[in-house]
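K.L.:
Dropping in input29.csv, which is CSV, C-alpha atoms:
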```
chain,number,residue,atom,x,y,z
R,3,MET,CA,-35.1,-31.9,-5.7
R,4,THR,CA,-32.2,-29.6,-5.0
R,5,PRO,CA,-31.6,-26.8,-7.5
R,6,ARG,CA,-28.5,-27.2,-9.7
R,7,ARG,CA,-25.7,-24.8,-8.6
R,8,THR,CA,-24.1,-22.8,-11.3
R,9,GLN,CA,-20.4,-22.0,-11.3
R,10,GLY,CA,-20.7,-18.7,-13.1
R,11,PRO,CA,-19.8,-17.7,-16.7
R,12,ALA,CA,-17.2,-19.7,-18.5
R,13,TRP,CA,-14.8,-16.8,-18.7
R,14,LEU,CA,-15.0,-16.3,-14.9
R,15,ARG,CA,-14.2,-20.0,-14.3
R,16,GLU,CA,-11.2,-19.7,-16.6
R,17,LEU,CA,-10.1,-16.6,-14.8
R,18,ARG,CA,-10.2,-18.3,-11.4
R,19,ARG,CA,-8.0,-21.1,-12.8
R,20,ARG,CA,-5.2,-18.8,-13.7
R,21,PRO,CA,-2.8,-17.7,-10.9
R,22,ALA,CA,-2.2,-14.4,-12.7
R,23,GLY,CA,-5.9,-13.6,-12.6
R,24,ILE,CA,-6.1,-14.5,-8.9
R,25,PHE,CA,-3.1,-12.3,-8.1
R,26,GLY,CA,-4.4,-9.4,-10.2
R,27,SER,CA,-7.9,-9.7,-8.6
R,28,ILE,CA,-6.4,-9.6,-5.1
R,29,VAL,CA,-4.3,-6.5,-5.9
R,30,ILE,CA,-7.4,-4.7,-7.3
R,31,ILE,CA,-9.6,-5.6,-4.4
R,32,LEU,CA,-6.9,-4.4,-1.9
R,33,LEU,CA,-6.5,-1.2,-3.8
R,34,VAL,CA,-10.3,-0.5,-3.8
R,35,ALA,CA,-10.5,-1.5,-0.1
R,36,SER,CA,-7.6,0.8,0.8
R,37,ALA,CA,-9.1,3.7,-1.2
R,38,VAL,CA,-12.5,3.3,0.5
R,39,VAL,CA,-11.1,2.9,4.1
R,40,SER,CA,-8.6,5.8,3.7
R,41,SER,CA,-11.4,8.1,2.8
R,42,PHE,CA,-12.6,8.1,6.4
R,43,TRP,CA,-9.8,6.6,8.5
R,44,THR,CA,-6.0,6.4,8.5
R,45,PRO,CA,-3.7,5.3,11.4
R,46,VAL,CA,-2.2,8.8,11.7
R,47,ASP,CA,-3.0,12.1,10.1
R,48,PRO,CA,-1.1,11.7,6.8
R,49,PHE,CA,-0.4,15.5,6.5
R,50,TYR,CA,0.7,16.0,10.1
R,51,ALA,CA,4.3,17.0,10.2
R,52,ASP,CA,6.3,16.3,13.4
R,53,PRO,CA,9.7,18.1,12.9
R,54,PHE,CA,11.0,16.6,16.1
R,55,HIS,CA,10.7,13.0,14.8
R,56,PRO,CA,12.0,12.9,11.2
R,57,TRP,CA,13.4,9.7,9.6
R,58,LEU,CA,12.1,7.3,12.2
R,59,GLY,CA,12.3,3.6,11.4
R,60,PRO,CA,9.4,1.2,11.2
R,61,SER,CA,7.6,0.7,14.6
R,62,LEU,CA,4.2,0.1,16.0
R,63,ALA,CA,3.5,3.9,16.1
R,64,HIS,CA,4.7,4.4,12.5
R,65,LEU,CA,4.5,1.2,10.5
R,66,LEU,CA,6.8,2.3,7.7
R,67,GLY,CA,8.6,5.1,9.6
R,68,THR,CA,8.5,8.9,8.9
R,69,ASP,CA,9.9,11.2,6.2
R,70,ALA,CA,12.0,14.3,6.3
R,71,VAL,CA,9.3,16.4,8.0
R,72,GLY,CA,8.0,13.7,10.3
R,73,LYS,CA,5.0,12.7,8.3
R,74,ASP,CA,3.8,9.1,8.7
R,75,ILE,CA,4.8,7.2,5.5
R,76,PHE,CA,2.2,4.4,5.9
R,77,SER,CA,-0.7,6.8,6.4
R,78,TYR,CA,0.4,8.9,3.4
R,79,LEU,CA,0.8,5.8,1.3
R,80,PHE,CA,-2.5,4.5,2.5
R,81,LEU,CA,-4.3,7.7,1.5
R,82,GLY,CA,-2.4,7.8,-1.8
R,83,SER,CA,-4.3,4.6,-2.9
R,84,ARG,CA,-7.4,6.8,-3.3
R,85,THR,CA,-5.6,9.0,-5.8
R,86,THR,CA,-4.4,5.9,-7.6
R,87,LEU,CA,-7.8,4.4,-7.9
R,88,LEU,CA,-9.3,7.8,-9.0
R,89,VAL,CA,-6.8,8.1,-11.7
R,90,ALA,CA,-7.2,4.5,-12.9
R,91,ALA,CA,-11.1,4.8,-13.0
R,92,GLY,CA,-11.2,8.3,-14.4
R,93,SER,CA,-8.7,7.6,-17.1
R,94,SER,CA,-10.5,4.4,-18.1
R,95,VAL,CA,-13.8,6.4,-18.5
R,96,VAL,CA,-12.1,9.0,-20.7
R,97,ALA,CA,-10.3,6.2,-22.7
R,98,THR,CA,-13.7,4.5,-23.1
R,99,VAL,CA,-15.3,7.6,-24.6
R,100,VAL,CA,-12.3,8.5,-26.8
R,101,GLY,CA,-11.8,4.9,-27.9
R,102,ILE,CA,-15.4,4.1,-28.8
R,103,ALA,CA,-15.9,7.5,-30.6
R,104,LEU,CA,-12.7,7.1,-32.7
R,105,ALA,CA,-13.3,3.4,-33.4
R,106,ALA,CA,-16.9,3.9,-34.4
R,107,LEU,CA,-16.1,6.8,-36.6
R,108,GLY,CA,-13.2,5.0,-38.1
R,109,ALA,CA,-15.3,1.9,-38.9
R,110,LEU,CA,-18.8,3.0,-39.7
R,111,THR,CA,-18.5,6.3,-41.5
R,112,GLY,CA,-17.7,7.2,-45.1
R,113,ARG,CA,-14.4,6.4,-46.8
R,114,TRP,CA,-12.9,9.9,-46.5
R,115,LEU,CA,-13.7,10.3,-42.8
R,116,ARG,CA,-12.7,6.7,-42.1
R,117,GLU,CA,-9.3,7.1,-43.7
R,118,THR,CA,-8.7,10.5,-42.1
R,119,ILE,CA,-9.3,9.1,-38.6
R,120,ALA,CA,-7.2,6.1,-39.4
R,121,VAL,CA,-4.3,8.3,-40.3
R,122,ILE,CA,-4.7,10.5,-37.2
R,123,VAL,CA,-4.9,7.3,-35.0
R,124,ASP,CA,-1.8,5.9,-36.6
R,125,ILE,CA,0.1,9.1,-36.0
R,126,LEU,CA,-0.9,9.4,-32.4
R,127,ILE,CA,-0.3,5.8,-31.6
R,128,ALA,CA,3.4,6.3,-32.5
R,129,PHE,CA,3.8,8.5,-29.4
R,130,PRO,CA,3.9,6.8,-26.0
R,131,VAL,CA,1.0,7.5,-23.7
R,132,LEU,CA,3.3,9.1,-21.1
R,133,LEU,CA,4.7,11.5,-23.8
R,134,ILE,CA,1.2,12.5,-24.9
R,135,ALA,CA,0.2,13.0,-21.2
R,136,VAL,CA,3.3,15.2,-20.6
R,137,MET,CA,2.5,17.4,-23.6
R,138,LEU,CA,-1.2,17.8,-22.7
R,139,THR,CA,-0.5,18.5,-19.0
R,140,ALA,CA,2.2,21.0,-20.1
R,141,VAL,CA,-0.5,22.9,-22.1
R,142,LEU,CA,-3.4,22.4,-19.7
R,143,GLY,CA,-1.4,22.8,-16.5
R,144,PRO,CA,-0.5,20.4,-13.7
R,145,SER,CA,-3.6,19.0,-11.9
R,146,LEU,CA,-5.1,15.6,-11.2
R,147,VAL,CA,-8.1,16.3,-13.5
R,148,ASN,CA,-5.7,17.2,-16.3
R,149,VAL,CA,-3.7,14.0,-15.7
R,150,VAL,CA,-6.9,11.9,-16.0
R,151,ILE,CA,-7.9,13.7,-19.2
R,152,ALA,CA,-4.4,13.4,-20.7
R,153,VAL,CA,-3.8,9.7,-19.9
R,154,GLY,CA,-7.4,8.9,-21.0
R,155,ILE,CA,-6.9,10.5,-24.4
R,156,GLY,CA,-3.5,8.9,-24.8
R,157,PHE,CA,-4.7,5.4,-24.1
R,158,GLY,CA,-8.0,6.0,-25.9
R,159,VAL,CA,-6.1,6.1,-29.1
R,160,ASN,CA,-4.7,2.6,-28.4
R,161,ILE,CA,-8.2,1.3,-27.7
R,162,ALA,CA,-9.5,2.9,-30.9
R,163,ARG,CA,-6.8,1.1,-32.9
R,164,VAL,CA,-7.7,-2.3,-31.4
R,165,SER,CA,-11.5,-1.8,-31.4
R,166,ARG,CA,-11.7,-0.4,-34.9
R,167,GLY,CA,-10.7,-3.7,-36.5
R,168,GLU,CA,-13.1,-5.6,-34.2
R,169,ILE,CA,-16.0,-3.3,-35.1
R,170,ARG,CA,-15.4,-3.8,-38.8
R,171,ARG,CA,-15.1,-7.6,-38.3
R,172,VAL,CA,-18.4,-7.8,-36.4
R,173,ALA,CA,-20.1,-5.3,-38.8
R,174,ARG,CA,-19.6,-7.9,-41.6
R,175,THR,CA,-21.3,-10.8,-39.8
R,176,ASP,CA,-24.6,-12.2,-41.0
R,177,TYR,CA,-26.8,-11.0,-38.1
R,178,VAL,CA,-25.5,-7.4,-38.4
R,179,LEU,CA,-26.0,-7.4,-42.2
R,180,ALA,CA,-29.5,-8.8,-41.7
R,181,ALA,CA,-30.3,-6.1,-39.2
R,182,ARG,CA,-29.1,-3.5,-41.6
R,183,ALA,CA,-31.2,-5.0,-44.4
R,184,ALA,CA,-34.2,-4.7,-42.0
R,185,GLY,CA,-33.7,-1.0,-41.8
R,186,VAL,CA,-31.6,-0.7,-38.5
R,187,GLY,CA,-29.2,2.2,-38.7
R,188,PRO,CA,-25.5,1.9,-38.2
R,189,TRP,CA,-25.4,3.5,-34.7
R,190,ARG,CA,-28.3,1.4,-33.5
R,191,ASN,CA,-26.4,-1.6,-34.8
R,192,LEU,CA,-23.4,-0.4,-32.9
R,193,VAL,CA,-25.3,-0.3,-29.6
R,194,ASP,CA,-27.5,-3.4,-30.0
R,195,HIS,CA,-25.2,-5.9,-31.9
R,196,ILE,CA,-21.6,-4.7,-32.4
R,197,PHE,CA,-20.6,-3.4,-29.0
R,198,PRO,CA,-21.9,-6.4,-27.0
R,199,ASN,CA,-19.8,-8.7,-29.2
R,200,ILE,CA,-16.6,-6.6,-28.7
R,201,ALA,CA,-17.1,-5.9,-25.0
R,202,PRO,CA,-14.7,-8.6,-23.9
R,203,VAL,CA,-11.9,-7.2,-26.0
R,204,PHE,CA,-12.8,-3.7,-24.8
R,205,ILE,CA,-12.8,-4.7,-21.1
R,206,VAL,CA,-9.4,-6.3,-21.4
R,207,GLN,CA,-8.1,-3.0,-23.0
R,208,LEU,CA,-9.6,-1.0,-20.1
R,209,SER,CA,-7.9,-3.2,-17.5
R,210,LEU,CA,-4.5,-2.6,-19.2
R,211,ALA,CA,-5.4,1.1,-19.5
R,212,ALA,CA,-5.8,1.3,-15.7
R,213,GLY,CA,-2.2,0.0,-15.2
R,214,VAL,CA,-0.8,2.5,-17.8
R,215,ALA,CA,-2.8,5.3,-16.1
R,216,ILE,CA,-1.3,4.5,-12.7
R,217,LEU,CA,2.2,4.4,-14.0
R,218,SER,CA,1.7,7.6,-16.0
R,219,GLU,CA,0.2,9.5,-13.0
R,220,ALA,CA,3.2,8.4,-10.9
R,221,GLY,CA,5.6,9.6,-13.6
R,222,LEU,CA,3.8,12.9,-14.2
R,223,SER,CA,3.7,13.6,-10.4
R,224,PHE,CA,7.4,12.7,-10.1
R,225,LEU,CA,8.1,15.2,-12.9
R,226,GLY,CA,5.9,17.9,-11.3
R,227,TYR,CA,3.1,17.7,-13.8
R,228,GLY,CA,0.7,15.5,-11.8
R,229,ALA,CA,-1.2,15.9,-8.6
R,230,ASP,CA,-1.0,19.1,-6.5
R,231,PRO,CA,1.3,19.2,-3.5
R,232,GLY,CA,-1.7,19.0,-1.2
R,233,THR,CA,-2.9,15.7,-2.8
R,234,ALA,CA,-1.5,12.4,-1.5
R,235,SER,CA,0.1,10.6,-4.5
R,236,TRP,CA,2.7,7.8,-4.7
R,237,GLY,CA,4.5,9.7,-7.5
R,238,ARG,CA,4.5,12.8,-5.4
R,239,MET,CA,6.1,10.8,-2.6
R,240,LEU,CA,8.9,9.7,-4.9
R,241,HIS,CA,9.4,13.3,-6.0
R,242,ASP,CA,9.7,14.5,-2.4
R,243,LEU,CA,12.0,11.6,-1.3
R,244,GLN,CA,14.4,11.6,-4.3
R,245,ASN,CA,16.9,14.0,-2.6
R,246,TYR,CA,17.2,11.6,0.4
R,247,ILE,CA,17.3,8.3,-1.4
R,248,THR,CA,21.1,7.8,-0.8
R,249,LEU,CA,20.7,8.5,2.9
R,250,TYR,CA,17.4,6.8,3.6
R,251,PRO,CA,16.7,4.5,0.6
R,252,LEU,CA,14.1,2.4,2.4
R,253,THR,CA,11.7,5.4,2.5
R,254,ALA,CA,11.6,5.5,-1.3
R,255,VAL,CA,11.2,1.8,-1.6
R,256,TRP,CA,7.6,1.8,-0.2
R,257,PRO,CA,5.9,4.0,-2.9
R,258,GLY,CA,8.0,2.3,-5.6
R,259,VAL,CA,6.8,-1.2,-4.4
R,260,ALA,CA,3.2,0.1,-4.2
R,261,ILE,CA,3.3,1.4,-7.8
R,262,GLY,CA,5.0,-1.7,-9.1
R,263,LEU,CA,2.7,-4.2,-7.5
R,264,THR,CA,-0.4,-2.2,-8.5
R,265,VAL,CA,0.6,-1.9,-12.1
R,266,LEU,CA,1.7,-5.6,-12.2
R,267,GLY,CA,-1.6,-6.6,-10.7
R,268,PHE,CA,-3.6,-4.7,-13.4
R,269,ASN,CA,-1.4,-6.0,-16.2
R,270,LEU,CA,-1.6,-9.6,-15.0
R,271,PHE,CA,-5.4,-9.3,-14.5
R,272,GLY,CA,-5.7,-7.9,-18.0
R,273,ASP,CA,-3.6,-10.7,-19.5
R,274,ALA,CA,-5.6,-13.4,-17.6
R,275,LEU,CA,-8.9,-11.8,-18.6
R,276,ARG,CA,-7.8,-11.8,-22.3
R,277,GLU,CA,-7.0,-15.5,-22.1
R,278,ALA,CA,-10.2,-16.2,-20.2
R,279,THR,CA,-12.4,-14.4,-22.7
R,280,ASP,CA,-10.7,-15.9,-25.8
R,281,PRO,CA,-13.5,-17.9,-27.5
R,282,ARG,CA,-10.9,-20.4,-28.9
R,283,LEU,CA,-9.7,-21.2,-25.4
R,284,LEU,CA,-13.2,-21.3,-24.0
R,285,ALA,CA,-14.3,-23.7,-26.8
R,286,GLY,CA,-11.4,-26.0,-26.1
R,287,SER,CA,-11.5,-25.8,-22.3
R,288,ASP,CA,-12.7,-28.9,-20.4
R,289,GLY,CA,-14.7,-29.0,-17.2
R,290,PRO,CA,-13.6,-31.2,-14.3
R,291,MET,CA,-15.4,-34.3,-15.6
R,292,ASP,CA,-14.1,-33.7,-19.1
R,293,ARG,CA,-10.5,-33.3,-17.8
R,294,ARG,CA,-10.8,-36.6,-15.9
R,295,SER,CA,-12.2,-38.3,-18.9
R,296,SER,CA,-9.4,-36.9,-21.1
R,297,ARG,CA,-6.8,-38.2,-18.6
R,298,ARG,CA,-8.4,-41.7,-18.6
R,299,ARG,CA,-8.4,-41.7,-22.4
R,300,ARG,CA,-4.7,-40.7,-22.5
R,301,LYS,CA,-3.8,-43.4,-20.0
R,302,ALA,CA,-5.7,-46.0,-21.9
R,303,ALA,CA,-4.0,-45.0,-25.1
R,304,THR,CA,-0.5,-45.3,-23.5
R,305,PRO,CA,1.1,-48.7,-24.3
```
Please render this file's structure as structure tokens.
P.N.:
Amino acid sequence: MTPRRTQGPAWLRELRRRPAGIFGSIVIILLVASAVVSSFWTPVDPFYADPFHPWLGPSLAHLLGTDAVGKDIFSYLFLGSRTTLLVAAGSSVVATVVGIALAALGALTGRWLRETIAVIVDILIAFPVLLIAVMLTAVLGPSLVNVVIAVGIGFGVNIARVSRGEIRRVARTDYVLAARAAGVGPWRNLVDHIFPNIAPVFIVQLSLAAGVAILSEAGLSFLGYGADPGTASWGRMLHDLQNYITLYPLTAVWPGVAIGLTVLGFNLFGDALREATDPRLLAGSDGPMDRRSSRRRRKAATP
């Protein structure tokens, strides 16, 4: 007797059915692969400047050409994926800590603290994430670590706003109330019962936070508040090439396309993941046999 093969969780099957989820997954996989490979190999030294061969066009030796000082654009872009992934992952971690802390304090504490945190969150959420990041990096100083902290705090406020309502909703369910009646404390309830039930919503918010973090890092580096000049960054590339965009526009297209596709991939993945984890959609989704049966019933009902 052959064992029955499982097709994975329902949300994963739903994600694979959506072109947006497939495209976003491919973009994220390519970003991770580029960041890993560029850590130990690039086609050309990305920081090697050849002043005798500036502004070369695409060729086998330089796939995307060279810049004003003769650096290989593809190798620099390839290495910049490592900075992009680091910012996306680091900002998501900071946003997780900030979001969970504010959401839990705003939903499970006393009235005066809960209302105070709600007012602070409502005030901060009125400011765009990039503006908050600019203000924090202006105070802390331009560096990649400060960018991660600033963007994480900025989007953590948005996560807290969404998660606070979800925590309060789950905290009023019967099984959480029964655990509370049995003597389980609020923070133990948060870890054992509440957080596992809001995890899908939280994961979706983190995928969207990664896209915002990448775009914010590029903007901050372009403005001079982001990564150091010695760090390969797509935003830093745009900053260095902006003076030559009218003479050599193609050189500025490559980092712009990389930023746009990566942010689009994370956003599409987050949207598809939100739809795939929606219990209403999962409850109404049909498997392959159910879909064929539904089509047969519709054909039979058609006069």
K.L.:
Would you list the contacts of range 154-165 of chain R as a ChimeraX atom specification, taking every protein, DNA or RNA residue within 9 Å and counting all atoms listed in the file, but skipping same-chain residues closer than 3 positions in sequence?
P.N.:
/R:92-106,108,120,123-124,126-127,129-135,149-151,168-170,200,203-204,207-208,211,214-215
K.L.:
Pick out the residues sitting within 10 Å of Val46 in chain R, and hand them over as an MDAnalysis selection string; count all atoms listed in the file, and ignore anything fewer than 5 positions along from it in its own chain.
P.N.:
chainID R and resid 63:64 73:78
K.L.:
Using only C-alpha atoms for the distances, tell me which of R:Pro144, R:Gly221, R:Pro231, R:Pro60 is nearest to Ile261 in chain R.
P.N.:
R:Gly221
K.L.:
Could you work out how far CA of Ser235 in chain R lies from CA of Gly258 in chain R, giving the answer in Å with one decimal?
P.N.:
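Here the two named atoms are 11.5 Å from each other.
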K.L.:
What's the 8 Å shell around Leu275 in chain R, counting all atoms listed in the file, without same-chain residues fewer than 2 positions away, as a list in words?
P.N.:
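Contacts, in chain order: Trp13, Leu17, Gly23, Val206, Phe271, Gly272, Asp273, Glu277, Ala278 and Thr279 of chain R.
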K.L.:
Take CA of Leu107 in chain R and CA of Gly187 in chain R and report the distance between them in Å, one decimal.
P.N.:
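Calculated distance between CA of Leu107 in chain R and CA of Gly187 in chain R is 14.0 Å.
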K.L.:
Find the distance between CA of Leu66 in chain R and CA of Leu252 in chain R and write it in Å to one decimal.
P.N.:
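For CA of Leu66 in chain R relative to CA of Leu252 in chain R, the distance reads 9.0 Å.
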K.L.:
Tell me which of R:Val153, R:Leu210, R:Leu142, R:Ala229 sits closest to Val265 in chain R, counting only C-alpha atoms.
P.N.:
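Looking at the shortest contact to Val265 in chain R, the residue is R:Leu210.
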K.L.:
If you count all atoms listed in the file, which residues fall within 8 Å of Ile196 in chain R, apart from same-chain ones fewer than 6 positions away, as a list in words?
P.N.:
Ile169, Val172, Ala173 and Val178 of chain R
K.L.:
So which one's closest to Phe224 in chain R, R:Met137, R:Leu243, R:Leu58, R:Ala212? Using all atoms listed in the file, please.
P.N.:
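Closest candidate: R:Leu243.
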K.L.:
For a quick check of understanding, using only C-alpha atoms, which of R:Arg166, R:Arg238, R:Val34, R:Asn269 has the smallest distance to Glu117 in chain R?
P.N.:
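Under the stated criterion, the closest residue is R:Arg166.
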K.L.:
Find, counting all atoms listed in the file, the residue in R:Trp236, R:Phe80, R:Tyr50, R:Tyr246 that gets nearest to Val259 in chain R.
P.N.:
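Between R:Trp236, R:Phe80, R:Tyr50, R:Tyr246, the residue approaching Val259 in chain R most closely is R:Trp236.
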K.L.:
Kindly reconstruct range 108-137 of chain R with N, CA and C atoms and present the result as a PDB file, keeping the file's coordinate frame.
P.N.:
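See result08.pdb below for the written result:
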```
ATOM      1  N   GLY R 108     -14.162   5.545 -37.206  1.00  0.00           N
ATOM      2  CA  GLY R 108     -13.200   5.000 -38.100  1.00  0.00           C
ATOM      3  C   GLY R 108     -13.666   3.700 -38.793  1.00  0.00           C
ATOM      4  N   ALA R 109     -14.802   3.132 -38.337  1.00  0.00           N
ATOM      5  CA  ALA R 109     -15.300   1.900 -38.900  1.00  0.00           C
ATOM      6  C   ALA R 109     -16.626   1.969 -39.593  1.00  0.00           C
ATOM      7  N   LEU R 110     -17.452   2.935 -39.197  1.00  0.00           N
ATOM      8  CA  LEU R 110     -18.800   3.000 -39.700  1.00  0.00           C
ATOM      9  C   LEU R 110     -19.167   4.183 -40.515  1.00  0.00           C
ATOM     10  N   THR R 111     -18.220   5.067 -40.756  1.00  0.00           N
ATOM     11  CA  THR R 111     -18.500   6.300 -41.500  1.00  0.00           C
ATOM     12  C   THR R 111     -18.038   6.124 -42.968  1.00  0.00           C
ATOM     13  N   GLY R 112     -18.160   7.219 -43.706  1.00  0.00           N
ATOM     14  CA  GLY R 112     -17.700   7.200 -45.100  1.00  0.00           C
ATOM     15  C   GLY R 112     -16.240   7.040 -45.266  1.00  0.00           C
ATOM     16  N   ARG R 113     -15.837   6.802 -46.502  1.00  0.00           N
ATOM     17  CA  ARG R 113     -14.400   6.400 -46.800  1.00  0.00           C
ATOM     18  C   ARG R 113     -13.489   7.580 -46.388  1.00  0.00           C
ATOM     19  N   TRP R 114     -13.832   8.814 -46.765  1.00  0.00           N
ATOM     20  CA  TRP R 114     -12.900   9.900 -46.500  1.00  0.00           C
ATOM     21  C   TRP R 114     -12.697  10.181 -45.035  1.00  0.00           C
ATOM     22  N   LEU R 115     -13.791  10.136 -44.262  1.00  0.00           N
ATOM     23  CA  LEU R 115     -13.700  10.300 -42.800  1.00  0.00           C
ATOM     24  C   LEU R 115     -12.990   9.144 -42.158  1.00  0.00           C
ATOM     25  N   ARG R 116     -13.298   7.947 -42.638  1.00  0.00           N
ATOM     26  CA  ARG R 116     -12.700   6.700 -42.100  1.00  0.00           C
ATOM     27  C   ARG R 116     -11.180   6.739 -42.275  1.00  0.00           C
ATOM     28  N   GLU R 117     -10.745   7.104 -43.466  1.00  0.00           N
ATOM     29  CA  GLU R 117      -9.300   7.100 -43.700  1.00  0.00           C
ATOM     30  C   GLU R 117      -8.603   8.249 -43.000  1.00  0.00           C
ATOM     31  N   THR R 118      -9.285   9.390 -42.850  1.00  0.00           N
ATOM     32  CA  THR R 118      -8.700  10.500 -42.100  1.00  0.00           C
ATOM     33  C   THR R 118      -8.472  10.127 -40.639  1.00  0.00           C
ATOM     34  N   ILE R 119      -9.471   9.514 -40.034  1.00  0.00           N
ATOM     35  CA  ILE R 119      -9.300   9.100 -38.600  1.00  0.00           C
ATOM     36  C   ILE R 119      -8.277   8.019 -38.495  1.00  0.00           C
ATOM     37  N   ALA R 120      -8.200   7.120 -39.470  1.00  0.00           N
ATOM     38  CA  ALA R 120      -7.200   6.100 -39.400  1.00  0.00           C
ATOM     39  C   ALA R 120      -5.775   6.666 -39.440  1.00  0.00           C
ATOM     40  N   VAL R 121      -5.570   7.690 -40.260  1.00  0.00           N
ATOM     41  CA  VAL R 121      -4.300   8.300 -40.300  1.00  0.00           C
ATOM     42  C   VAL R 121      -3.947   9.053 -39.009  1.00  0.00           C
ATOM     43  N   ILE R 122      -4.941   9.744 -38.434  1.00  0.00           N
ATOM     44  CA  ILE R 122      -4.700  10.500 -37.200  1.00  0.00           C
ATOM     45  C   ILE R 122      -4.383   9.465 -36.055  1.00  0.00           C
ATOM     46  N   VAL R 123      -5.115   8.360 -36.000  1.00  0.00           N
ATOM     47  CA  VAL R 123      -4.900   7.300 -35.000  1.00  0.00           C
ATOM     48  C   VAL R 123      -3.474   6.737 -35.150  1.00  0.00           C
ATOM     49  N   ASP R 124      -3.091   6.455 -36.393  1.00  0.00           N
ATOM     50  CA  ASP R 124      -1.800   5.900 -36.600  1.00  0.00           C
ATOM     51  C   ASP R 124      -0.646   6.835 -36.251  1.00  0.00           C
ATOM     52  N   ILE R 125      -0.879   8.131 -36.436  1.00  0.00           N
ATOM     53  CA  ILE R 125       0.100   9.100 -36.000  1.00  0.00           C
ATOM     54  C   ILE R 125       0.242   9.206 -34.537  1.00  0.00           C
ATOM     55  N   LEU R 126      -0.912   9.293 -33.862  1.00  0.00           N
ATOM     56  CA  LEU R 126      -0.900   9.400 -32.400  1.00  0.00           C
ATOM     57  C   LEU R 126      -0.404   8.202 -31.698  1.00  0.00           C
ATOM     58  N   ILE R 127      -0.657   7.029 -32.281  1.00  0.00           N
ATOM     59  CA  ILE R 127      -0.300   5.800 -31.600  1.00  0.00           C
ATOM     60  C   ILE R 127       1.256   5.618 -31.645  1.00  0.00           C
ATOM     61  N   ALA R 128       1.942   6.372 -32.503  1.00  0.00           N
ATOM     62  CA  ALA R 128       3.400   6.300 -32.500  1.00  0.00           C
ATOM     63  C   ALA R 128       4.041   6.948 -31.326  1.00  0.00           C
ATOM     64  N   PHE R 129       3.283   7.798 -30.625  1.00  0.00           N
ATOM     65  CA  PHE R 129       3.800   8.500 -29.400  1.00  0.00           C
ATOM     66  C   PHE R 129       3.401   7.663 -28.193  1.00  0.00           C
ATOM     67  N   PRO R 130       4.310   7.454 -27.253  1.00  0.00           N
ATOM     68  CA  PRO R 130       3.900   6.800 -26.000  1.00  0.00           C
ATOM     69  C   PRO R 130       2.889   7.551 -25.235  1.00  0.00           C
ATOM     70  N   VAL R 131       2.099   6.820 -24.451  1.00  0.00           N
ATOM     71  CA  VAL R 131       1.000   7.500 -23.700  1.00  0.00           C
ATOM     72  C   VAL R 131       1.594   8.496 -22.722  1.00  0.00           C
ATOM     73  N   LEU R 132       2.712   8.185 -22.077  1.00  0.00           N
ATOM     74  CA  LEU R 132       3.300   9.100 -21.100  1.00  0.00           C
ATOM     75  C   LEU R 132       3.740  10.408 -21.809  1.00  0.00           C
ATOM     76  N   LEU R 133       4.273  10.299 -23.030  1.00  0.00           N
ATOM     77  CA  LEU R 133       4.700  11.500 -23.800  1.00  0.00           C
ATOM     78  C   LEU R 133       3.504  12.361 -24.128  1.00  0.00           C
ATOM     79  N   ILE R 134       2.416  11.740 -24.569  1.00  0.00           N
ATOM     80  CA  ILE R 134       1.200  12.500 -24.900  1.00  0.00           C
ATOM     81  C   ILE R 134       0.670  13.174 -23.622  1.00  0.00           C
ATOM     82  N   ALA R 135       0.709  12.457 -22.500  1.00  0.00           N
ATOM     83  CA  ALA R 135       0.200  13.000 -21.200  1.00  0.00           C
ATOM     84  C   ALA R 135       1.093  14.204 -20.808  1.00  0.00           C
ATOM     85  N   VAL R 136       2.408  14.098 -20.983  1.00  0.00           N
ATOM     86  CA  VAL R 136       3.300  15.200 -20.600  1.00  0.00           C
ATOM     87  C   VAL R 136       2.994  16.434 -21.465  1.00  0.00           C
ATOM     88  N   MET R 137       2.796  16.255 -22.766  1.00  0.00           N
ATOM     89  CA  MET R 137       2.500  17.400 -23.600  1.00  0.00           C
ATOM     90  C   MET R 137       1.179  18.043 -23.295  1.00  0.00           C
TER      91      MET R 137
END
```
